[in-house]
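So this one's upload.cif, mmCIF, C-alpha atoms and all ligand atoms:
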data_data
loop_
_atom_site.label_atom_id
_atom_site.label_comp_id
_atom_site.auth_asym_id
_atom_site.auth_seq_id
_atom_site.Cartn_x
_atom_site.Cartn_y
_atom_site.Cartn_z
CA MET A 44 0.00 0.00 0.00
CA ARG A 45 1.40 3.33 -1.01
CA LEU A 46 1.22 6.02 1.64
CA SER A 47 -0.49 9.33 1.03
CA GLU A 48 1.66 12.42 1.54
CA GLU A 49 -0.28 13.08 4.74
CA GLN A 50 0.43 9.59 6.07
CA LEU A 51 4.10 9.88 5.18
CA SER A 52 4.33 13.26 6.94
CA GLU A 53 2.74 11.74 10.04
CA MET A 54 5.16 8.82 9.98
CA ILE A 55 8.16 11.12 9.57
CA ALA A 56 6.95 13.29 12.45
CA LEU A 57 6.57 10.23 14.70
CA ALA A 58 10.02 8.94 13.72
CA LYS A 59 11.50 12.38 14.53
CA LYS A 60 9.73 12.42 17.89
CA ALA A 61 11.12 8.98 18.69
CA GLN A 62 14.58 10.05 17.53
CA ALA A 63 14.48 12.93 20.01
CA ASN A 64 14.28 10.33 22.81
CA ALA A 65 17.03 8.05 21.50
CA TYR A 66 19.39 6.77 24.19
CA CYS A 67 22.74 6.79 22.42
CA PRO A 68 25.46 8.08 24.78
CA HIS A 69 28.08 5.83 23.18
CA SER A 70 27.56 6.36 19.44
CA LYS A 71 25.89 9.77 19.67
CA HIS A 72 23.97 8.64 16.59
CA PRO A 73 20.25 9.11 17.35
CA VAL A 74 17.90 7.29 15.03
CA GLY A 75 14.12 7.21 14.94
CA SER A 76 11.79 4.86 13.13
CA SER A 77 8.10 4.49 12.58
CA ILE A 78 6.23 1.50 11.25
CA MET A 79 2.81 1.34 9.70
CA ALA A 80 1.34 -2.09 10.22
CA GLU A 81 -1.23 -3.74 8.00
CA GLY A 82 -4.46 -2.10 9.04
CA GLY A 83 -2.90 1.34 9.47
CA SER A 84 -1.70 1.45 13.07
CA ILE A 85 1.60 3.28 13.45
CA TYR A 86 4.34 2.45 15.95
CA ALA A 87 7.59 4.25 16.63
CA GLY A 88 10.90 3.50 18.25
CA CYS A 89 14.38 4.86 18.83
CA ASN A 90 17.78 3.29 19.30
CA VAL A 91 18.67 2.29 22.85
CA GLU A 92 22.34 1.57 23.54
CA THR A 93 24.06 -0.16 26.41
CA ALA A 94 27.58 0.10 27.77
CA ASN A 95 28.51 -3.29 26.32
CA TYR A 96 27.69 -1.98 22.83
CA LYS A 97 24.71 -4.29 22.43
CA GLY A 98 21.75 -2.06 22.02
CA ILE A 99 18.66 -2.17 19.91
CA CYS A 100 18.17 -0.12 16.77
CA ALA A 101 15.25 2.22 16.20
CA GLU A 102 13.63 -0.19 13.75
CA GLY A 103 13.87 -3.01 16.30
CA SER A 104 12.29 -0.81 18.96
CA ALA A 105 9.42 0.05 16.63
CA ILE A 106 8.95 -3.62 15.76
CA SER A 107 8.82 -4.44 19.48
CA ALA A 108 6.09 -1.84 19.96
CA MET A 109 4.19 -3.30 17.01
CA ILE A 110 4.39 -6.84 18.35
CA TYR A 111 3.45 -5.71 21.85
CA ASN A 112 0.29 -4.19 20.39
CA GLY A 113 -0.66 -7.32 18.48
CA ASP A 114 0.25 -6.44 14.90
CA THR A 115 2.51 -8.75 12.92
CA VAL A 116 2.59 -7.45 9.33
CA ILE A 117 4.64 -4.42 8.28
CA ASN A 118 3.35 -2.21 5.51
CA THR A 119 5.90 0.61 5.66
CA VAL A 120 9.00 1.49 7.67
CA VAL A 121 10.36 5.04 7.96
CA VAL A 122 13.89 5.66 9.27
CA ILE A 123 15.44 9.02 10.12
CA GLY A 124 19.08 9.48 11.09
CA PRO A 125 21.04 12.38 12.56
CA THR A 126 22.74 13.69 9.41
CA GLU A 127 22.05 14.41 5.78
CA HIS A 128 23.61 11.03 4.97
CA LEU A 129 20.70 8.61 4.68
CA CYS A 130 20.58 6.10 7.53
CA THR A 131 19.46 2.88 5.87
CA PRO A 132 18.60 -0.09 8.09
CA CYS A 133 21.55 -2.20 9.22
CA GLY A 134 21.78 -5.85 8.29
CA ASP A 135 20.20 -7.05 11.51
CA CYS A 136 17.26 -4.70 11.05
CA ARG A 137 16.76 -5.75 7.44
CA GLN A 138 16.33 -9.30 8.73
CA ARG A 139 14.04 -8.16 11.57
CA ILE A 140 11.87 -6.25 9.11
CA ARG A 141 11.89 -9.29 6.82
CA GLU A 142 10.33 -11.42 9.53
CA PHE A 143 7.15 -9.32 9.35
CA ALA A 144 7.31 -8.14 5.74
CA THR A 145 5.34 -8.88 2.60
CA ALA A 146 6.47 -8.54 -1.00
CA LYS A 147 5.10 -4.99 -0.88
CA THR A 148 6.75 -3.80 2.32
CA GLU A 149 8.45 -0.47 1.75
CA VAL A 150 11.35 1.13 3.61
CA ILE A 151 11.53 4.91 3.37
CA VAL A 152 14.71 6.58 4.59
CA VAL A 153 14.81 10.33 5.15
CA ASP A 154 17.64 12.66 6.07
CA CYS A 155 17.90 14.59 9.33
CA ASN A 156 15.53 17.22 7.98
CA GLY A 157 12.89 14.65 7.09
CA GLU A 158 13.61 15.32 3.42
CA ASN A 159 15.60 13.84 0.54
CA LYS A 160 13.85 10.57 1.04
CA LYS A 161 14.73 7.36 -0.70
CA GLU A 162 12.22 4.56 -1.00
CA TYR A 163 12.97 0.86 -1.29
CA LEU A 164 11.04 -2.35 -1.38
CA LEU A 165 12.47 -4.53 1.36
CA ASP A 166 13.47 -7.04 -1.33
CA GLU A 167 15.83 -4.41 -2.77
CA LEU A 168 17.59 -4.10 0.60
CA LEU A 169 17.59 -7.84 1.33
CA PRO A 170 17.26 -9.78 -1.93
CA ASP A 171 16.68 -13.53 -1.96
CA SER A 172 16.16 -13.33 1.79
CA PHE A 173 15.64 -16.06 4.34
CA GLY A 174 12.30 -15.87 6.10
CA PRO A 175 9.78 -17.85 8.10
CA GLU A 176 8.59 -19.81 5.05
CA ASN A 177 12.11 -21.23 4.68
CA LEU A 178 11.49 -23.13 7.89
CA ASN A 179 8.39 -24.81 6.42
CA LEU A 180 6.21 -23.42 9.15
ZN ZN A 201 19.66 -1.81 12.87
#

Take the structure in the file and give it back as structure tokens.
Ligand SMILES: [Zn+2]
Amino acid sequence: MRLSEEQLSEMIALAKKAQANAYCPHSKHPVGSSIMAEGGSIYAGCNVETANYKGICAEGSAISAMIYNGDTVINTVVVIGPTEHLCTPCGDCRQRIREFATAKTEVIVVDCNGENKKEYLLDELLPDSFGPENLNL
């Protein structure tokens, strides 16, 4: 499902709000993410670091919020990083998103100003991926 401009603006605003609360004293690289689940509910998350350098990324936080609230299918992911360099999801997050993705799941990355966005289908970021169906569930 393609987002309307209004929906995308709302998702960017929620990702920015989450980014403002990022806990990243070690990397000083605050990231925010928002996820629209199938059905239209939106969840947001920020990166949360720990002193042993094993934190959770913003996308993972947003996925946790989604799962907590009972949704399991991702329609769209928005990611916003702290600079004008686009902050695409890391490898771990691509796999996390994949767990709850469909062939139409989109990942939209915006710069620190919420502009200069780049849109991907998840399959472009993680081609020929391994997912739940590979386990013959
Ligand atoms: Zn990540």

### Query
Expressed in Å to a single decimal, how great is the separation between atom CA of Ile85 of chain A and atom CA of Arg141 of chain A?
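Atom CA of Arg141 of chain A lies 17.5 Å from atom CA of Ile85 of chain A.
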
### Task
Go through the chains and note each residue within 8 Å of ligand ZN 201 (chain A), using all atoms listed in the file, then give the set as a list in words.
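With all atoms listed in the file and a cut-off of 8 Å, ligand ZN 201 (chain A) is contacted by Ile99, Cys100, Ala101, Glu102, Gly103, Pro132, Cys133, Gly134, Asp135, Cys136 and Arg137 of chain A.
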
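The two atoms in question, atom CA of Ser52 of chain A and atom CA of Met79 of chain A, are spaced 12.3 Å apart.
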
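In this comparison, which uses all atoms listed in the file, the residue of A:Asn179, A:Thr126, A:Thr145, A:Ser84 approaching Asn159 of chain A most closely is A:Thr126.
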
### Query
Near Ile151 of chain A, counting only C-alpha atoms, which residues have an atom at most 9 Å away, once you skip same-chain residues fewer than 5 positions from it, shown as a ChimeraX atom specification?
/A:119-123,131,160-164

### Task
Measuring atom to atom with only C-alpha atoms, identify which of A:Glu48, A:Glu142, A:Glu149, A:Glu92 is nearest to Leu168 of chain A.
A:Glu149

### Atomic distance atom CA of Gln138 of chain A - atom CA of Gln50 of chain A, expressed in Å with one decimal
24.8 Å

### Task
Using all atoms listed in the file, collect all residues at a distance of at most 8 Å from (17.0, 17.8, 8.4) as written in the file, then present them as a list in words.
Pro125, Thr126, Glu127, Asp154, Cys155, Asn156, Gly157 and Glu158 of chain A

### Selection near segment 62-68 of chain A, 6 Å with only C-alpha atoms, sequence-local residues under 3 positions removed, as a list of chain:residue names
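Answer for this query is A:Lys59, A:Lys71, A:Pro73, A:Val74, A:Gly75, A:Cys89, A:Asn90, A:Val91, A:Glu92.
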
#### Entry: Pick from A:Tyr111, A:Ile106, A:Gly124, A:Ser70 nearest to Ala144 of chain A, counting only C-alpha atoms
A:Ile106

### Query
Which is closer to Ala94 of chain A than all the others in A:Ala58, A:Asp166, A:His69, A:Val116, using only C-alpha atoms?
A:His69

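Nearest residue to His72 of chain A, choosing from A:Val153, A:Ile110, A:Leu57, A:Cys130 and counting all atoms listed in the file: A:Cys130.
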
As AutoDock Vina command-line options, please report the centre and edge lengths, rounded to one decimal in Å, of the axis-aligned box that holds all listed atoms of segment 167-176 of chain A with 3 Å of padding on each of the six sides.
--center_x 13.1 --center_y -12.0 --center_z 2.7 --size_x 15.0 --size_y 21.7 --size_z 16.9

### Task
For Gly83 of chain A, list every protein, DNA or RNA residue within 12 Å, evaluated using all atoms listed in the file, and leave out those in the same chain fewer than 4 positions away; present the list as an NGL selection string.
:A and (44-47 or 50-51 or 53-54 or 77-79 or 109 or 114-119)

### Task
Measuring atom to atom with only C-alpha atoms, identify which of A:His128, A:Leu165, A:Gly82, A:Val152 is nearest to Ile140 of chain A.
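Answer, going by the shortest atom-to-atom distance: A:Leu165.
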